[in-house]
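So this one's model.cif, mmCIF, C-alpha atoms:
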data_start
loop_
_atom_site.group_PDB
_atom_site.id
_atom_site.type_symbol
_atom_site.label_atom_id
_atom_site.label_comp_id
_atom_site.auth_asym_id
_atom_site.auth_seq_id
_atom_site.Cartn_x
_atom_site.Cartn_y
_atom_site.Cartn_z
ATOM 1 C CA MET B 1 103.762 100.258 100.554
ATOM 2 C CA LEU B 2 105.962 103.196 101.427
ATOM 3 C CA PHE B 3 109.069 101.413 100.176
ATOM 4 C CA GLN B 4 107.363 100.588 96.887
ATOM 5 C CA ASP B 5 106.306 104.219 96.512
ATOM 6 C CA VAL B 6 109.870 105.401 96.977
ATOM 7 C CA VAL B 7 111.110 102.864 94.398
ATOM 8 C CA PHE B 8 108.366 103.905 91.995
ATOM 9 C CA TRP B 9 109.245 107.586 92.145
ATOM 10 C CA LEU B 10 112.958 106.886 91.840
ATOM 11 C CA LEU B 11 112.295 104.777 88.743
ATOM 12 C CA THR B 12 110.033 107.490 87.360
ATOM 13 C CA VAL B 13 112.705 110.143 87.748
ATOM 14 C CA VAL B 14 115.262 107.898 86.042
ATOM 15 C CA ALA B 15 112.917 106.822 83.256
ATOM 16 C CA VAL B 16 111.483 110.210 82.351
ATOM 17 C CA GLY B 17 114.793 112.029 82.744
ATOM 18 C CA SER B 18 116.653 109.516 80.603
ATOM 19 C CA ALA B 19 113.880 109.455 78.013
ATOM 20 C CA LEU B 20 114.087 113.242 77.709
ATOM 21 C CA GLY B 21 117.822 112.873 77.335
ATOM 22 C CA VAL B 22 117.384 110.309 74.560
ATOM 23 C CA VAL B 23 115.338 112.680 72.430
ATOM 24 C CA LEU B 24 117.125 115.934 73.324
ATOM 25 C CA ILE B 25 120.857 115.163 73.536
ATOM 26 C CA ARG B 26 122.772 115.814 70.344
ATOM 27 C CA ASP B 27 125.407 113.117 70.846
ATOM 28 C CA LEU B 28 123.834 109.878 69.586
ATOM 29 C CA PHE B 29 126.166 107.656 71.579
ATOM 30 C CA ARG B 30 125.148 109.253 74.872
ATOM 31 C CA ALA B 31 121.520 109.003 73.771
ATOM 32 C CA ALA B 32 121.969 105.254 73.267
ATOM 33 C CA LEU B 33 123.470 104.920 76.753
ATOM 34 C CA LEU B 34 120.551 106.853 78.257
ATOM 35 C CA LEU B 35 118.213 104.521 76.384
ATOM 36 C CA VAL B 36 119.737 101.649 78.370
ATOM 37 C CA ALA B 37 118.846 103.543 81.554
ATOM 38 C CA VAL B 38 115.241 103.833 80.362
ATOM 39 C CA PHE B 39 115.123 100.090 79.622
ATOM 40 C CA VAL B 40 116.443 99.196 83.074
ATOM 41 C CA ALA B 41 113.977 101.553 84.737
ATOM 42 C CA VAL B 42 111.115 99.961 82.816
ATOM 43 C CA GLY B 43 112.393 96.591 84.006
ATOM 44 C CA GLY B 44 112.084 97.973 87.529
ATOM 45 C CA TYR B 45 108.457 98.881 86.817
ATOM 46 C CA PHE B 46 107.873 95.277 85.749
ATOM 47 C CA VAL B 47 109.211 94.045 89.092
ATOM 48 C CA LEU B 48 106.831 96.416 90.882
ATOM 49 C CA LEU B 49 103.973 95.068 88.750
ATOM 50 C CA ASN B 50 104.454 91.353 89.610
ATOM 51 C CA ALA B 51 106.007 90.626 86.215
ATOM 52 C CA GLU B 52 109.399 89.261 87.211
ATOM 53 C CA PHE B 53 109.779 87.178 84.066
ATOM 54 C CA LEU B 54 109.183 90.232 81.905
ATOM 55 C CA ALA B 55 111.711 92.174 83.967
ATOM 56 C CA VAL B 56 114.359 89.553 83.222
ATOM 57 C CA VAL B 57 113.390 89.488 79.533
ATOM 58 C CA GLN B 58 113.503 93.276 79.449
ATOM 59 C CA VAL B 59 117.032 93.392 80.806
ATOM 60 C CA LEU B 60 118.225 90.535 78.583
ATOM 61 C CA ILE B 61 116.653 91.597 75.297
ATOM 62 C CA TYR B 62 116.319 95.371 75.535
ATOM 63 C CA ALA B 63 119.208 96.404 77.775
ATOM 64 C CA GLY B 64 121.376 93.554 76.538
ATOM 65 C CA ALA B 65 120.702 92.898 72.877
ATOM 66 C CA ILE B 66 118.793 95.783 71.319
ATOM 67 C CA SER B 67 120.905 98.506 72.912
ATOM 68 C CA VAL B 68 124.084 96.767 71.773
ATOM 69 C CA LEU B 69 122.714 96.633 68.218
ATOM 70 C CA ILE B 70 121.869 100.335 68.351
ATOM 71 C CA ILE B 71 125.303 101.232 69.725
ATOM 72 C CA PHE B 72 126.885 99.184 66.922
ATOM 73 C CA ALA B 73 124.869 101.125 64.387
ATOM 74 C CA VAL B 74 125.800 104.450 65.992
ATOM 75 C CA MET B 75 129.469 103.530 65.930
ATOM 76 C CA LEU B 76 129.385 102.290 62.326
ATOM 77 C CA THR B 77 127.678 105.397 60.974
ATOM 78 C CA ARG B 78 129.367 107.899 63.241
ATOM 79 C CA ASP B 79 132.017 109.447 61.027
ATOM 80 C CA VAL B 80 129.629 111.427 58.860
ATOM 81 C CA GLN B 81 126.962 112.352 61.359
ATOM 82 C CA GLN B 82 126.952 115.781 62.900
ATOM 83 C CA GLY B 83 125.192 114.956 66.142
ATOM 84 C CA ASN B 84 121.444 114.635 66.224
ATOM 85 C CA PRO B 85 119.952 117.768 64.748
ATOM 86 C CA PRO B 86 116.212 118.431 64.976
ATOM 87 C CA ASN B 87 114.251 118.865 61.764
ATOM 88 C CA ARG B 88 111.802 121.567 60.772
ATOM 89 C CA LEU B 89 108.849 119.845 62.425
ATOM 90 C CA GLN B 90 109.985 120.875 65.911
ATOM 91 C CA ILE B 91 106.962 122.971 66.920
ATOM 92 C CA PRO B 92 104.247 120.740 65.398
ATOM 93 C CA ALA B 93 105.905 117.713 67.020
ATOM 94 C CA VAL B 94 105.888 119.353 70.454
ATOM 95 C CA ALA B 95 102.273 120.404 69.991
ATOM 96 C CA LEU B 96 101.157 116.951 68.855
ATOM 97 C CA ALA B 97 102.983 115.200 71.693
ATOM 98 C CA ALA B 98 101.562 117.611 74.268
ATOM 99 C CA LEU B 99 98.031 117.183 72.926
ATOM 100 C CA LEU B 100 98.334 113.407 72.963
ATOM 101 C CA LEU B 101 99.735 113.530 76.490
ATOM 102 C CA ALA B 102 96.797 115.621 77.644
ATOM 103 C CA ALA B 103 94.354 113.230 76.023
ATOM 104 C CA LEU B 104 96.014 110.139 77.480
ATOM 105 C CA VAL B 105 96.202 111.590 80.988
ATOM 106 C CA THR B 106 92.553 112.605 80.799
ATOM 107 C CA VAL B 107 91.588 109.100 79.751
ATOM 108 C CA ALA B 108 93.723 107.496 82.461
ATOM 109 C CA VAL B 109 92.242 109.663 85.201
ATOM 110 C CA ASP B 110 88.649 109.940 84.029
ATOM 111 C CA THR B 111 87.831 106.392 82.984
ATOM 112 C CA GLN B 112 85.870 104.223 85.366
ATOM 113 C CA TRP B 113 88.320 101.321 85.407
ATOM 114 C CA SER B 114 86.889 98.005 86.540
ATOM 115 C CA PHE B 115 89.488 97.264 89.190
ATOM 116 C CA LEU B 116 90.033 93.827 90.606
ATOM 117 C CA PRO B 117 87.858 93.196 93.649
ATOM 118 C CA GLU B 118 89.839 93.295 96.878
ATOM 119 C CA GLY B 119 89.187 89.638 97.568
ATOM 120 C CA GLU B 120 90.789 88.582 94.300
ATOM 121 C CA ARG B 121 93.935 90.617 94.770
ATOM 122 C CA GLN B 122 95.862 87.996 96.635
ATOM 123 C CA SER B 123 95.103 85.064 94.354
ATOM 124 C CA VAL B 124 95.865 87.199 91.292
ATOM 125 C CA GLU B 125 99.173 88.196 92.802
ATOM 126 C CA LEU B 126 99.819 84.531 93.526
ATOM 127 C CA VAL B 127 99.092 83.521 89.948
ATOM 128 C CA GLN B 128 101.270 86.279 88.515
ATOM 129 C CA THR B 129 104.120 85.393 90.839
ATOM 130 C CA ALA B 130 103.665 81.665 90.251
ATOM 131 C CA ALA B 131 104.196 82.323 86.571
ATOM 132 C CA VAL B 132 107.918 82.292 87.155
ATOM 133 C CA SER B 133 108.625 80.594 90.464
ATOM 134 C CA ASP B 134 107.603 77.766 92.704
ATOM 135 C CA ILE B 135 105.562 78.927 95.631
ATOM 136 C CA SER B 136 106.401 77.778 99.090
ATOM 137 C CA PRO B 137 103.739 75.713 100.872
ATOM 138 C CA GLU B 138 103.427 78.368 103.599
ATOM 139 C CA THR B 139 102.402 81.006 101.069
ATOM 140 C CA LEU B 140 99.845 78.656 99.592
ATOM 141 C CA GLU B 141 98.435 77.995 103.052
ATOM 142 C CA GLN B 142 98.106 81.709 103.693
ATOM 143 C CA ALA B 143 96.349 82.227 100.397
ATOM 144 C CA GLY B 144 93.689 79.685 101.253
ATOM 145 C CA ALA B 145 92.141 76.926 99.209
ATOM 146 C CA ALA B 146 90.940 79.173 96.378
ATOM 147 C CA GLY B 147 94.361 80.671 95.817
ATOM 148 C CA GLU B 148 95.981 77.268 96.023
ATOM 149 C CA SER B 149 93.852 75.707 93.330
ATOM 150 C CA ALA B 150 94.147 78.864 91.268
ATOM 151 C CA ALA B 151 97.912 78.843 91.139
ATOM 152 C CA GLN B 152 98.277 75.263 89.948
ATOM 153 C CA GLY B 153 99.358 74.791 86.363
ATOM 154 C CA VAL B 154 98.921 78.419 85.403
ATOM 155 C CA GLY B 155 101.932 80.190 84.067
ATOM 156 C CA LEU B 156 103.196 82.288 81.222
ATOM 157 C CA ALA B 157 104.624 79.208 79.526
ATOM 158 C CA ASP B 158 101.323 77.315 79.811
ATOM 159 C CA LEU B 159 99.520 80.240 78.227
ATOM 160 C CA LEU B 160 102.101 80.683 75.467
ATOM 161 C CA ILE B 161 102.002 77.021 74.507
ATOM 162 C CA GLY B 162 98.293 76.644 75.216
ATOM 163 C CA ARG B 163 95.797 79.360 74.489
ATOM 164 C CA PHE B 164 98.191 81.657 72.627
ATOM 165 C CA VAL B 165 99.938 78.990 70.600
ATOM 166 C CA LEU B 166 98.850 80.417 67.245
ATOM 167 C CA PRO B 167 100.254 83.929 67.817
ATOM 168 C CA PHE B 168 103.306 82.283 69.343
ATOM 169 C CA GLU B 169 103.987 80.382 66.130
ATOM 170 C CA ALA B 170 103.165 83.427 64.028
ATOM 171 C CA VAL B 171 105.712 85.443 65.984
ATOM 172 C CA SER B 172 108.355 82.804 65.423
ATOM 173 C CA VAL B 173 107.688 82.949 61.688
ATOM 174 C CA LEU B 174 107.927 86.749 61.933
ATOM 175 C CA LEU B 175 111.333 86.472 63.608
ATOM 176 C CA LEU B 176 112.536 84.140 60.869
ATOM 177 C CA ALA B 177 111.241 86.501 58.184
ATOM 178 C CA ALA B 178 112.932 89.450 59.893
ATOM 179 C CA LEU B 179 116.203 87.539 60.048
ATOM 180 C CA ILE B 180 116.053 86.672 56.343
ATOM 181 C CA GLY B 181 114.969 90.206 55.482
ATOM 182 C CA ALA B 182 117.826 91.756 57.419
ATOM 183 C CA LEU B 183 120.274 89.428 55.672
ATOM 184 C CA ALA B 184 118.852 90.305 52.261
ATOM 185 C CA LEU B 185 119.085 94.020 53.082
ATOM 186 C CA VAL B 186 122.698 94.087 54.180
ATOM 187 C CA ARG B 187 124.249 91.734 51.616
ATOM 188 C CA PRO B 188 126.222 93.511 48.908
ATOM 189 C CA ARG B 189 124.394 93.979 45.655
ATOM 190 C CA PRO B 190 125.841 92.089 42.668
ATOM 191 C CA ALA B 191 127.162 94.232 39.869
ATOM 192 C CA PRO B 192 124.568 94.543 37.045
ATOM 193 C CA GLN B 193 125.717 92.343 34.127
ATOM 194 C CA ASP B 194 129.309 91.273 34.311
ATOM 195 C CA ALA B 195 128.645 89.659 37.686
ATOM 196 C CA ARG B 196 127.188 86.703 35.801
ATOM 197 C CA ALA B 197 130.462 86.114 34.026
ATOM 198 C CA SER B 198 132.435 85.729 37.234
ATOM 199 C CA GLY B 199 129.516 83.947 38.883
ATOM 200 C CA ALA B 200 131.423 81.586 41.139
ATOM 201 C CA GLU B 201 133.599 84.295 42.581
ATOM 202 C CA SER B 202 130.794 86.717 43.481
ATOM 203 C CA ALA B 203 128.643 83.878 44.823
ATOM 204 C CA SER B 204 131.282 82.823 47.308
ATOM 205 C CA GLU B 205 131.837 86.477 48.180
ATOM 206 C CA SER B 206 128.193 87.133 48.961
ATOM 207 C CA ALA B 207 127.962 83.871 50.916
ATOM 208 C CA GLY B 208 130.828 85.055 53.090
ATOM 209 C CA ALA B 209 129.168 88.435 53.596
ATOM 210 C CA GLY B 210 125.902 86.719 54.468
ATOM 211 C CA ALA B 211 127.597 84.646 57.150
ATOM 212 C CA ALA B 212 129.152 87.786 58.629
ATOM 213 C CA GLY B 213 125.765 89.487 58.613
ATOM 214 C CA SER B 214 124.114 86.616 60.476
ATOM 215 C CA GLU B 215 126.816 86.808 63.124
ATOM 216 C CA ALA B 216 126.105 90.501 63.565
ATOM 217 C CA ASP B 217 122.428 89.757 63.989
ATOM 218 C CA MET J 1 101.740 104.233 93.580
ATOM 219 C CA SER J 2 98.336 103.719 92.079
ATOM 220 C CA PHE J 3 97.223 102.356 88.752
ATOM 221 C CA GLU J 4 96.771 105.873 87.406
ATOM 222 C CA ALA J 5 100.357 106.736 88.308
ATOM 223 C CA PHE J 6 101.621 103.918 86.108
ATOM 224 C CA MET J 7 99.314 104.945 83.285
ATOM 225 C CA ILE J 8 100.455 108.571 83.462
ATOM 226 C CA VAL J 9 104.133 107.636 83.510
ATOM 227 C CA ALA J 10 103.588 105.376 80.512
ATOM 228 C CA ALA J 11 101.758 108.200 78.722
ATOM 229 C CA VAL J 12 104.665 110.569 79.420
ATOM 230 C CA LEU J 13 107.180 108.042 78.075
ATOM 231 C CA PHE J 14 105.044 107.431 74.988
ATOM 232 C CA CYS J 15 104.716 111.131 74.223
ATOM 233 C CA ILE J 16 108.452 111.708 74.655
ATOM 234 C CA GLY J 17 108.995 108.893 72.166
ATOM 235 C CA LEU J 18 106.433 110.369 69.803
ATOM 236 C CA TYR J 19 108.122 113.760 69.933
ATOM 237 C CA GLY J 20 111.499 112.162 69.302
ATOM 238 C CA SER J 21 110.308 110.140 66.349
ATOM 239 C CA LEU J 22 108.692 113.169 64.746
ATOM 240 C CA ALA J 23 111.303 115.833 65.425
ATOM 241 C CA ARG J 24 114.656 114.112 64.922
ATOM 242 C CA ARG J 25 116.480 113.965 61.636
ATOM 243 C CA ASN J 26 118.757 110.999 62.350
ATOM 244 C CA VAL J 27 117.295 107.571 61.597
ATOM 245 C CA LEU J 28 118.944 106.002 64.620
ATOM 246 C CA ALA J 29 117.424 108.610 66.927
ATOM 247 C CA VAL J 30 114.018 107.862 65.403
ATOM 248 C CA LEU J 31 114.527 104.126 66.007
ATOM 249 C CA MET J 32 115.452 104.812 69.635
ATOM 250 C CA SER J 33 112.317 106.915 70.084
ATOM 251 C CA ILE J 34 110.227 104.077 68.666
ATOM 252 C CA GLU J 35 111.763 101.747 71.243
ATOM 253 C CA LEU J 36 110.711 104.237 73.930
ATOM 254 C CA MET J 37 107.124 104.023 72.688
ATOM 255 C CA PHE J 38 107.230 100.201 72.725
ATOM 256 C CA ASN J 39 108.373 100.290 76.334
ATOM 257 C CA ALA J 40 105.623 102.697 77.339
ATOM 258 C CA VAL J 41 102.987 100.407 75.847
ATOM 259 C CA ASN J 42 104.482 97.436 77.683
ATOM 260 C CA VAL J 43 104.259 99.266 81.002
ATOM 261 C CA THR J 44 100.595 100.020 80.289
ATOM 262 C CA LEU J 45 99.773 96.397 79.480
ATOM 263 C CA VAL J 46 101.504 94.976 82.539
ATOM 264 C CA ALA J 47 99.936 97.571 84.828
ATOM 265 C CA MET J 48 96.509 96.687 83.449
ATOM 266 C CA ALA J 49 97.256 92.995 84.035
ATOM 267 C CA LYS J 50 97.988 93.719 87.673
ATOM 268 C CA TYR J 51 95.224 96.159 88.575
ATOM 269 C CA LEU J 52 92.223 95.529 86.334
ATOM 270 C CA ALA J 53 89.717 92.671 86.348
ATOM 271 C CA PRO J 54 89.695 90.799 83.044
ATOM 272 C CA ALA J 55 86.391 89.662 81.568
ATOM 273 C CA GLY J 56 86.730 85.902 82.091
ATOM 274 C CA LEU J 57 88.200 86.059 85.578
ATOM 275 C CA GLN J 58 85.579 83.865 87.226
ATOM 276 C CA ASP J 59 85.975 80.999 84.760
ATOM 277 C CA ASP J 60 89.704 81.113 84.245
ATOM 278 C CA ILE J 61 92.142 82.715 86.644
ATOM 279 C CA SER J 62 94.882 82.639 84.012
ATOM 280 C CA ALA J 63 93.137 85.576 82.321
ATOM 281 C CA VAL J 64 95.124 87.829 84.657
ATOM 282 C CA LEU J 65 98.283 86.860 82.785
ATOM 283 C CA THR J 66 97.007 87.979 79.375
ATOM 284 C CA GLY J 67 98.614 91.396 79.638
ATOM 285 C CA GLN J 68 101.984 89.855 80.340
ATOM 286 C CA VAL J 69 101.622 87.506 77.372
ATOM 287 C CA PHE J 70 100.889 90.521 75.169
ATOM 288 C CA ALA J 71 104.006 92.213 76.516
ATOM 289 C CA VAL J 72 106.073 89.148 75.595
ATOM 290 C CA PHE J 73 104.771 89.369 72.036
ATOM 291 C CA ILE J 74 105.486 93.097 71.855
ATOM 292 C CA ILE J 75 109.070 92.549 72.995
ATOM 293 C CA THR J 76 109.505 89.892 70.296
ATOM 294 C CA VAL J 77 108.088 92.107 67.581
ATOM 295 C CA ALA J 78 110.281 94.982 68.784
ATOM 296 C CA ALA J 79 113.331 92.779 68.431
ATOM 297 C CA ALA J 80 112.341 91.883 64.867
ATOM 298 C CA GLU J 81 111.653 95.550 64.144
ATOM 299 C CA ILE J 82 115.017 96.743 65.381
ATOM 300 C CA ALA J 83 116.866 94.060 63.389
ATOM 301 C CA LEU J 84 115.088 95.036 60.175
ATOM 302 C CA GLY J 85 115.332 98.741 60.961
ATOM 303 C CA LEU J 86 119.072 98.604 61.425
ATOM 304 C CA GLY J 87 119.355 96.600 58.200
ATOM 305 C CA ILE J 88 117.518 99.408 56.419
ATOM 306 C CA VAL J 89 119.749 101.995 58.100
ATOM 307 C CA PHE J 90 122.855 100.237 56.854
ATOM 308 C CA ALA J 91 121.475 99.898 53.326
ATOM 309 C CA MET J 92 120.603 103.610 53.389
ATOM 310 C CA TYR J 93 124.037 104.505 54.708
ATOM 311 C CA ARG J 94 125.642 102.551 51.879
ATOM 312 C CA THR J 95 123.648 104.228 49.128
ATOM 313 C CA ASN J 96 123.394 107.759 50.567
ATOM 314 C CA GLU J 97 126.528 108.000 52.719
ATOM 315 C CA SER J 98 124.187 109.512 55.277
ATOM 316 C CA VAL J 99 121.758 108.499 58.009
ATOM 317 C CA GLU J 100 119.724 111.701 57.891
ATOM 318 C CA LEU J 101 116.074 111.186 57.070
ATOM 319 C CA THR J 102 115.994 114.377 54.994
ATOM 320 C CA ASP J 103 118.630 112.888 52.665
ATOM 321 C CA ALA J 104 116.504 109.827 51.935
ATOM 322 C CA ALA J 105 114.606 111.535 49.137
ATOM 323 C CA THR J 106 115.375 109.163 46.260
ATOM 324 C CA MET J 107 111.716 108.362 45.703
ATOM 325 C CA ARG J 108 110.497 111.957 45.867
ATOM 326 C CA ASN J 109 109.101 113.104 42.520
#
Please re-express this file's structure in structure tokens.
Amino acid sequence: MLFQDVVFWLLTVVAVGSALGVVLIRDLFRAALLLVAVFVAVGGYFVLLNAEFLAVVQVLIYAGAISVLIIFAVMLTRDVQQGNPPNRLQIPAVALAALLLAALVTVAVDTQWSFLPEGERQSVELVQTAAVSDISPETLEQAGAAGESAAQGVGLADLLIGRFVLPFEAVSVLLLAALIGALALVRPRPAPQDARASGAESASESAGAGAAGSEAD
Amino acid sequence: MSFEAFMIVAAVLFCIGLYGSLARRNVLAVLMSIELMFNAVNVTLVAMAKYLAPAGLQDDISAVLTGQVFAVFIITVAAAEIALGLGIVFAMYRTNESVELTDAATMRN
């Protein structure tokens, strides 16, 4: 437990410090790099919370893909930007964030959470760990018969393809729509009227631009 | 390292993201702050999946994975959001030559 506490507080210092840096630093490129630190720290939280699969996904998608996209955007729009100036809403924004923080902390501390009963802890941990890995027979033996039967055939993939298959498909349609939408947004607009005259030329041009855009995505 | 500690850290991250998305003028900074808020919500969901007892626990032990499934969906939606958001940023940069939110006033009356 002590080791996990130390890891937790280290991650907290990294996450909160980097998050403050993201919103306060004027240089957008450094802010994007600090955002990567926040993502990795959140991945560490996932490891502490028995969600190893999510930790891997977090590092792959957030720290790998999304941060690279953001850094691309920062680089491409850098020449005209003068840092990251705050707007006129500074004081109301601080007040709103502080109020919301107070409310959230009050809720987190005051609510009577229905915690897992102590007896269930181990089998729950087994199920959450079994979501990503095979469990050794010794562990199963330690967990007892209940834990053993509980951990069979239960995993994130089973849930995603089983009970949550409808949202799963909806999310895949959403990703497709986002891809098409992003392509439609970044392709060059055809010139108003005379584009029709030189139709073949502009069509091949926009097709080439579309292919480049899909590579960037 | 209790449940409340995770909740409070997630609340702090969320509020930092909220402040950033309200008080910055650069679109990219706002997008980054929104990503911070997504991450805070994910931490909350996964912490709840570990520490709290879901309603159908007795019938179906896989209910303890629901929070993680939700987090998977949130990560997917965040990826779609950032792709579209950056597309909008580039379109805005092309028309306005600027990525400042205060310059995006074309539709103001």
Can you list, as a ChimeraX atom specification, every protein, DNA or RNA residue that comes within 8 Å of Ala71 (chain J) when you count all atoms listed in the file, leaving out same-chain residues fewer than 4 positions away? /B:54 /J:42,45-46,67,75
Name the residues that the PyMOL selection byres ((chain J) within 8 of (chain B)) pulls out of this structure, and write them as a PyMOL selection string. chain J and resi 1+4+7-9+11-13+15-20+22-26+28-29+32-33+36+39+43+46-47+50-53+61-62+64-65+68-69+71-73+75-77+79-84+86-88+90-91+93+97-99
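Note that CA of Gly44 (chain B) and CA of Ser2 (chain J) are 15.6 Å apart.
Interatomic distance, CA of Gly85 (chain J) to CA of Leu31 (chain J): 7.4 Å.
Interatomic distance, CA of Met75 (chain B) to CA of Asn96 (chain J): 17.1 Å.
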Put the listed atoms of region 79-83 of chain J in a box along x, y and z with 6 Å added on every side and give me the centre and edge lengths in Å to one decimal, as lines of an AutoDock Vina configuration file.
center_x = 114.3
center_y = 94.3
center_z = 65.9
size_x = 17.2
size_y = 16.9
size_z = 17.0
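Closest approach to Ala41 (chain B) among B:Leu11, B:Ala55, B:Val68, B:Leu126: B:Leu11, based on all atoms listed in the file.
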